[in-house]
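Novice: This one is entry35.cif, mmCIF, C-alpha atoms.
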data_work
#
loop_
_atom_site.label_atom_id
_atom_site.label_comp_id
_atom_site.auth_asym_id
_atom_site.auth_seq_id
_atom_site.Cartn_x
_atom_site.Cartn_y
_atom_site.Cartn_z
CA ASP A 1 -8.95 -9.05 12.73
CA GLN A 2 -8.91 -5.85 10.69
CA GLN A 3 -6.69 -3.39 12.50
CA VAL A 4 -7.32 -0.60 9.97
CA LYS A 5 -10.79 -0.04 8.54
CA GLN A 6 -12.25 2.27 5.95
CA ASN A 7 -15.99 1.85 6.32
CA SER A 8 -17.01 3.76 3.20
CA PRO A 9 -16.18 1.85 0.02
CA SER A 10 -17.04 4.84 -2.14
CA LEU A 11 -17.59 8.60 -1.99
CA SER A 12 -18.87 10.99 -4.63
CA VAL A 13 -18.38 14.76 -4.38
CA GLN A 14 -18.78 17.74 -6.65
CA GLU A 15 -15.73 19.50 -8.03
CA GLY A 16 -14.68 22.36 -5.77
CA ARG A 17 -16.28 20.90 -2.67
CA ILE A 18 -14.56 19.18 0.23
CA SER A 19 -13.87 15.43 0.22
CA ILE A 20 -13.60 13.76 3.61
CA LEU A 21 -12.28 10.21 3.77
CA ASN A 22 -12.38 8.38 7.07
CA CYS A 23 -10.35 5.63 8.67
CA ASP A 24 -10.56 3.80 12.00
CA TYR A 25 -7.93 1.69 13.70
CA THR A 26 -7.75 -0.58 16.70
CA ASN A 27 -4.03 -0.89 17.49
CA SER A 28 -2.85 1.91 19.77
CA MET A 29 0.79 0.96 19.06
CA PHE A 30 0.75 2.39 15.52
CA ASP A 31 3.22 5.27 15.36
CA TYR A 32 2.53 6.70 11.90
CA PHE A 33 -0.56 6.92 9.74
CA LEU A 34 -0.36 7.43 6.00
CA TRP A 35 -2.69 8.07 3.11
CA TYR A 36 -2.09 6.69 -0.36
CA LYS A 37 -3.83 7.34 -3.65
CA LYS A 38 -4.06 4.59 -6.25
CA TYR A 39 -5.04 4.81 -9.88
CA PRO A 40 -5.85 1.65 -11.86
CA ALA A 41 -2.78 -0.14 -13.22
CA GLU A 42 -0.45 1.91 -11.01
CA GLY A 43 1.14 1.39 -7.63
CA PRO A 44 -0.08 3.41 -4.62
CA THR A 45 1.30 6.94 -4.40
CA PHE A 46 2.11 8.44 -1.03
CA LEU A 47 0.04 11.53 -0.22
CA ILE A 48 0.51 12.60 3.37
CA SER A 49 1.33 11.16 6.78
CA ILE A 50 0.85 12.04 10.40
CA SER A 51 2.76 11.00 13.48
CA SER A 52 0.78 9.53 16.34
CA ILE A 53 1.93 12.43 18.52
CA LYS A 54 0.30 15.02 16.27
CA ASP A 55 -3.34 15.79 15.63
CA LYS A 56 -3.09 17.57 12.29
CA ASN A 57 -0.84 17.72 9.28
CA GLU A 58 -1.44 19.86 6.23
CA ASP A 59 0.09 19.80 2.76
CA GLY A 60 -1.52 22.00 0.16
CA ARG A 61 -5.06 20.80 -0.52
CA PHE A 62 -4.61 17.78 1.74
CA THR A 63 -5.06 17.78 5.51
CA VAL A 64 -5.02 14.75 7.76
CA PHE A 65 -6.59 14.85 11.20
CA LEU A 66 -5.88 12.31 13.92
CA ASN A 67 -8.14 11.71 16.94
CA LYS A 68 -6.24 9.27 19.12
CA SER A 69 -8.92 8.94 21.77
CA ALA A 70 -11.39 7.83 19.10
CA LYS A 71 -8.72 5.90 17.13
CA HIS A 72 -9.90 7.75 14.05
CA LEU A 73 -8.25 9.69 11.29
CA SER A 74 -9.57 11.54 8.31
CA LEU A 75 -8.21 12.99 5.09
CA HIS A 76 -9.68 16.27 3.88
CA ILE A 77 -9.21 17.34 0.27
CA VAL A 78 -10.26 20.87 -0.52
CA PRO A 79 -11.06 21.93 -3.12
CA SER A 80 -11.68 18.58 -4.76
CA GLN A 81 -10.66 18.21 -8.40
CA PRO A 82 -11.66 15.61 -11.02
CA GLY A 83 -8.04 14.42 -11.07
CA ASP A 84 -8.44 13.41 -7.43
CA SER A 85 -10.74 10.58 -8.53
CA ALA A 86 -8.96 7.41 -7.40
CA VAL A 87 -8.95 4.81 -4.64
CA TYR A 88 -7.59 6.15 -1.35
CA PHE A 89 -5.99 3.83 1.16
CA CYS A 90 -5.37 4.60 4.80
CA ALA A 91 -2.33 2.79 6.23
CA ALA A 92 -0.72 2.52 9.63
CA ARG A 93 2.84 1.70 10.57
CA GLY A 94 3.57 -0.47 13.57
CA ASN A 95 6.45 0.57 15.76
CA ALA A 96 8.06 -2.84 15.34
CA GLY A 97 9.12 -3.74 11.82
CA ASN A 98 8.19 -0.71 9.72
CA MET A 99 5.58 -2.63 7.78
CA LEU A 100 2.27 -1.00 6.83
CA THR A 101 -1.22 -2.28 7.55
CA PHE A 102 -3.74 -1.04 5.00
CA GLY A 103 -7.43 -0.29 5.17
CA GLY A 104 -9.79 -1.58 2.52
CA GLY A 105 -9.77 1.62 0.47
CA THR A 106 -12.36 4.23 -0.49
CA ARG A 107 -13.10 5.01 -4.12
CA LEU A 108 -13.45 8.78 -4.53
CA MET A 109 -15.28 10.17 -7.53
CA VAL A 110 -15.10 13.91 -8.10
CA LYS A 111 -17.73 15.07 -10.57
CA PRO A 112 -17.05 18.07 -12.80
CA SER B 1 12.24 9.34 -2.34
CA ALA B 2 13.34 6.16 -4.09
CA VAL B 3 12.00 5.14 -7.48
CA ILE B 4 11.12 1.48 -7.98
CA SER B 5 10.99 -0.24 -11.36
CA GLN B 6 8.86 -3.37 -11.29
CA LYS B 7 8.45 -5.92 -14.03
CA PRO B 8 6.62 -7.52 -15.64
CA SER B 9 3.68 -5.15 -15.48
CA ARG B 10 1.28 -7.95 -16.28
CA ASP B 11 1.27 -11.60 -17.26
CA ILE B 12 -1.13 -14.41 -18.01
CA CYS B 13 0.19 -17.76 -16.81
CA GLN B 14 -0.86 -21.36 -16.92
CA ARG B 15 -1.73 -23.07 -13.67
CA GLY B 16 1.10 -25.09 -12.22
CA THR B 17 3.80 -22.79 -13.55
CA SER B 18 5.86 -20.15 -11.71
CA LEU B 19 6.40 -16.45 -12.30
CA THR B 20 9.23 -14.32 -10.97
CA ILE B 21 8.61 -10.63 -10.39
CA GLN B 22 11.53 -8.23 -10.21
CA CYS B 23 11.93 -4.91 -8.44
CA GLN B 24 14.85 -2.57 -8.95
CA VAL B 25 15.30 0.45 -6.67
CA ASP B 26 17.31 3.48 -7.78
CA SER B 27 19.00 3.79 -4.39
CA GLN B 28 20.15 1.47 -1.64
CA VAL B 29 17.40 0.53 0.78
CA THR B 30 17.53 -1.70 3.82
CA MET B 31 14.03 -3.08 3.76
CA MET B 32 11.82 -4.11 0.90
CA PHE B 33 8.26 -5.31 1.23
CA TRP B 34 6.09 -7.48 -1.00
CA TYR B 35 2.31 -7.01 -1.04
CA ARG B 36 -0.61 -8.69 -2.74
CA GLN B 37 -3.85 -7.01 -3.73
CA GLN B 38 -6.55 -9.50 -4.60
CA PRO B 39 -9.45 -8.30 -6.76
CA GLY B 40 -11.55 -5.76 -4.87
CA GLN B 41 -9.41 -6.13 -1.75
CA SER B 42 -6.85 -4.08 0.09
CA LEU B 43 -3.10 -4.59 0.11
CA THR B 44 -1.87 -7.50 2.21
CA LEU B 45 1.76 -7.85 3.23
CA ILE B 46 3.34 -11.08 2.02
CA ALA B 47 6.84 -10.70 3.43
CA THR B 48 9.62 -8.33 4.42
CA ALA B 49 12.97 -8.79 2.70
CA ASN B 50 16.20 -7.55 4.24
CA GLN B 51 19.47 -7.87 2.40
CA GLY B 52 21.63 -10.62 3.81
CA SER B 53 18.95 -12.43 5.76
CA GLU B 54 15.99 -14.68 5.14
CA ALA B 55 12.73 -12.96 4.33
CA THR B 56 10.14 -12.74 7.08
CA TYR B 57 6.74 -14.05 5.99
CA GLU B 58 3.35 -12.98 7.31
CA SER B 59 0.76 -15.41 8.53
CA GLY B 60 -0.75 -17.32 5.65
CA PHE B 61 2.26 -16.98 3.35
CA VAL B 62 5.08 -19.52 3.11
CA ILE B 63 8.50 -19.54 1.53
CA ASP B 64 7.80 -22.57 -0.65
CA LYS B 65 4.94 -20.75 -2.35
CA PHE B 66 6.49 -17.26 -2.45
CA PRO B 67 10.29 -17.54 -2.42
CA ILE B 68 12.03 -14.18 -2.22
CA SER B 69 15.56 -13.19 -3.10
CA ARG B 70 17.36 -10.06 -1.95
CA PRO B 71 20.88 -10.29 -3.38
CA ASN B 72 21.80 -6.64 -2.77
CA LEU B 73 20.43 -3.36 -1.43
CA THR B 74 18.78 -2.31 -4.72
CA PHE B 75 17.11 -5.46 -6.00
CA SER B 76 14.60 -8.09 -4.97
CA THR B 77 12.52 -10.79 -6.62
CA LEU B 78 9.31 -12.56 -5.62
CA THR B 79 8.40 -15.87 -7.22
CA VAL B 80 4.82 -17.11 -7.25
CA SER B 81 5.21 -20.89 -7.45
CA ASN B 82 2.92 -23.64 -8.66
CA MET B 83 0.27 -21.09 -9.52
CA SER B 84 -3.47 -21.61 -9.30
CA PRO B 85 -6.31 -19.26 -10.33
CA GLU B 86 -6.51 -18.13 -6.68
CA ASP B 87 -3.10 -16.49 -7.13
CA SER B 88 -4.55 -14.05 -9.65
CA SER B 89 -3.80 -10.70 -8.03
CA ILE B 90 -1.75 -7.56 -8.27
CA TYR B 91 1.65 -8.00 -6.68
CA LEU B 92 3.52 -4.92 -5.46
CA CYS B 93 6.94 -4.27 -4.04
CA SER B 94 7.70 -1.38 -1.75
CA SER B 95 10.59 0.21 0.09
CA GLY B 96 10.99 2.92 2.64
CA THR B 97 12.67 3.89 5.83
CA GLY B 98 10.39 6.26 7.66
CA GLY B 99 6.72 6.88 8.27
CA ALA B 100 6.93 10.64 7.78
CA TYR B 101 8.02 10.28 4.17
CA GLY B 102 5.95 7.32 3.26
CA TYR B 103 6.95 4.25 1.39
CA THR B 104 7.46 4.02 -2.34
CA PHE B 105 5.68 1.36 -4.35
CA GLY B 106 6.44 -0.20 -7.67
CA SER B 107 3.80 0.03 -10.37
CA GLY B 108 2.60 -3.49 -9.67
CA THR B 109 2.38 -6.78 -11.56
CA ARG B 110 -1.11 -7.86 -12.60
CA LEU B 111 -1.07 -11.65 -12.65
CA THR B 112 -3.82 -13.74 -14.18
CA VAL B 113 -3.63 -17.51 -13.79
CA VAL B 114 -5.69 -19.57 -16.23
#
Take the structure I supplied and represent it as structure tokens, if you would.
Specialist:
Amino acid sequence: DQQVKQNSPSLSVQEGRISILNCDYTNSMFDYFLWYKKYPAEGPTFLISISSIKDKNEDGRFTVFLNKSAKHLSLHIVPSQPGDSAVYFCAARGNAGNMLTFGGGTRLMVKP
Amino acid sequence: SAVISQKPSRDICQRGTSLTIQCQVDSQVTMMFWYRQQPGQSLTLIATANQGSEATYESGFVIDKFPISRPNLTFSTLTVSNMSPEDSSIYLCSSGTGGAYGYTFGSGTRLTVV
């Protein structure tokens, strides 16, 4: 039972355009949602999070939107840069235990 | 946020042997987590390690196969025991206290069992 899903395994965008990465979840008890970026041979790096009581959080080029009724969140990167090319993981924190449940990841390729 | 040093970064091991992975955090943290990322897969939680208590294992993971130590608030080890090729994965440790600030990960250990 996958509680967090990223249905797009890959995404390719042109430099300067917007990248939109999507994530769906099934457990309404998650209290925080997080996005991580992962380069090969490195651990995941925290990007941005959003509380379940918010619908938007913005940090520089990164904005996360949460639609609780649809159990859907998205990460917008604008403008996209070649250095953004990596695997992006959506994760959700349960309100009992602090552990994270990860989605399958989306490989983003930003073309110069 | 905390910085985690994880080692070894990679290893190639013979089947039937064991490997111990170490994680050192630069500050005291209550909870540490161990994850596995199998090839082409997402991160799966193996166990949660609190200092002073037994680790809590997720479904499908057992202490005999993945014993964990947590001797103090800055250090933890995960041992992969009696390895088989199916254990070939990236193993990651993580720590954190709050969702708003995320959780920090070590750089990972890429294990290949031959």
Novice: Can I get the residues of region 75-94 of chain A within 9 Å of region 107-110 of chain A, each with the closest pair of atoms and their distance in Å to one decimal, using only C-alpha atoms, sorted chain first then ascending number, as a Markdown table?
Specialist:
| residue | atom | partner | partner_atom | distance |
| --- | --- | --- | --- | --- |
| A:Ser80 | CA | A:Val110 | CA | 6.7 |
| A:Gln81 | CA | A:Val110 | CA | 6.2 |
| A:Pro82 | CA | A:Val110 | CA | 4.8 |
| A:Gly83 | CA | A:Val110 | CA | 7.7 |
| A:Asp84 | CA | A:Val110 | CA | 6.7 |
| A:Ser85 | CA | A:Met109 | CA | 4.7 |
| A:Ala86 | CA | A:Leu108 | CA | 5.5 |
| A:Val87 | CA | A:Arg107 | CA | 4.2 |
| A:Tyr88 | CA | A:Arg107 | CA | 6.3 |
| A:Phe89 | CA | A:Arg107 | CA | 8.9 |
Novice: Any chance you can output those residues with C-alpha atoms as a short mmCIF file (atom, residue, chain, number, x, y, z; two decimals), keeping the file's coordinate frame?
Specialist:
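For reference, result01.cif as written:
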data_model
loop_
_atom_site.label_atom_id
_atom_site.label_comp_id
_atom_site.auth_asym_id
_atom_site.auth_seq_id
_atom_site.Cartn_x
_atom_site.Cartn_y
_atom_site.Cartn_z
CA SER A 80 -11.68 18.58 -4.76
CA GLN A 81 -10.66 18.21 -8.40
CA PRO A 82 -11.66 15.61 -11.02
CA GLY A 83 -8.04 14.42 -11.07
CA ASP A 84 -8.44 13.41 -7.43
CA SER A 85 -10.74 10.58 -8.53
CA ALA A 86 -8.96 7.41 -7.40
CA VAL A 87 -8.95 4.81 -4.64
CA TYR A 88 -7.59 6.15 -1.35
CA PHE A 89 -5.99 3.83 1.16
#
Novice: What residues come out when you apply the PyMOL selection byres ((chain B) within 7 of (chain A)) to this file, written as a list of chain:residue names?
Specialist: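 Selected by the PyMOL selection byres ((chain B) within 7 of (chain A)) in this file: B:Gln41, B:Ser42, B:Leu43, B:Gly99, B:Ala100, B:Gly102, B:Tyr103, B:Phe105, B:Gly106, B:Ser107, B:Gly108.
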Novice: Okay, now the selection with C-alpha atoms, as a compact mmCIF listing (two decimals), in the coordinates of the input?
Specialist:
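The result, stored in result-v5.txt:
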# COMPACT_ATOMS: atom_id res chain seq x y z
CA GLN B 41 -9.41 -6.13 -1.75
CA SER B 42 -6.85 -4.08 0.09
CA LEU B 43 -3.10 -4.59 0.11
CA GLY B 99 6.72 6.88 8.27
CA ALA B 100 6.93 10.64 7.78
CA GLY B 102 5.95 7.32 3.26
CA TYR B 103 6.95 4.25 1.39
CA PHE B 105 5.68 1.36 -4.35
CA GLY B 106 6.44 -0.20 -7.67
CA SER B 107 3.80 0.03 -10.37
CA GLY B 108 2.60 -3.49 -9.67
Novice: At what distance in Å, to one decimal, does CA of Pro9 (chain A) lie from CA of Ser69 (chain A)?
Specialist: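 So the answer is 24.0 Å.
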Novice: I'd like the contact shell of Thr30 (chain B) - 9 Å cut-off, only C-alpha atoms, skipping same-chain residues fewer than 2 positions apart - returned as a PyMOL selection string.
Specialist: chain B and resi 28+32+49-51+73-74+95-97
Novice: Could you state which residues are captured by the PyMOL selection byres ((chain A and resi 68) around 10) in this file, as a PyMOL selection string?
Specialist: chain A and resi 24-25+28+52-55+65-67+69-73
Novice: Might you pull out every residue within 9 Å of region 80-91 of chain B, with only C-alpha atoms counted and same-chain residues fewer than 3 positions away left off, and present them as a PyMOL selection string?
Specialist: (chain A and resi 41) or (chain B and resi 10+13-21+34-39+43+64-67+108-114)
Novice: Give, as lines of an AutoDock Vina configuration file, the centre coordinates and the x, y and z edge lengths in Å to one decimal for an axis-aligned box around all listed atoms of region 5-11 of chain A, padded by 8 Å on each side.
Specialist:
center_x = -14.2
center_y = 4.3
center_z = 3.2
size_x = 22.8
size_y = 24.6
size_z = 26.7
Novice: So that I can see what lies close to Glu54 (chain B), please list as a PyMOL selection string the residues with an atom at most 12 Å from it, counting only C-alpha atoms and leaving out residues fewer than 4 positions away in the same chain.
Specialist: chain B and resi 31+47-50+63+67-71
Novice: Calculated over only C-alpha atoms, which of the candidates B:Ser9, B:Gln22, B:Asn72, B:Thr77 has the smallest distance to Ser53 (chain B)?
Specialist: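 Closest to Ser53 (chain B), using only C-alpha atoms: B:Asn72.
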Novice: Applied to this file, what does the PyMOL selection byres ((chain A and resi 61) around 6) return in terms of residues, put as a list of chain:residue names?
Specialist: A:Gly60, A:Phe62, A:Ile77, A:Val78
Novice: Suppose we keep C-alpha atoms; can you now write the selection as a PDB file, in the frame of the given file?
Specialist:
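The resulting file, out-v2.pdb, is shown below:
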ATOM      1  CA  GLY A  60      -1.520  22.000   0.160  1.00  0.00           C
ATOM      2  CA  PHE A  62      -4.610  17.780   1.740  1.00  0.00           C
ATOM      3  CA  ILE A  77      -9.210  17.340   0.270  1.00  0.00           C
ATOM      4  CA  VAL A  78     -10.260  20.870  -0.520  1.00  0.00           C
TER       5      VAL A  78
END
Novice: Rank B:Thr44, B:Lys7, B:Leu92, B:Thr104 by their smallest atom-to-atom distance to Val4 (chain A), using all atoms listed in the file, and report the top residue only.
Specialist: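 Answer, going by the shortest atom-to-atom distance: B:Thr44.
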Novice: Please identify all polymer residues lying at most 7 Å from the point (16.9, 0.1, -5.4) (file coordinates), using all atoms listed in the file, and present the result as a PyMOL selection string.
Specialist: chain B and resi 4+24-29+73-75
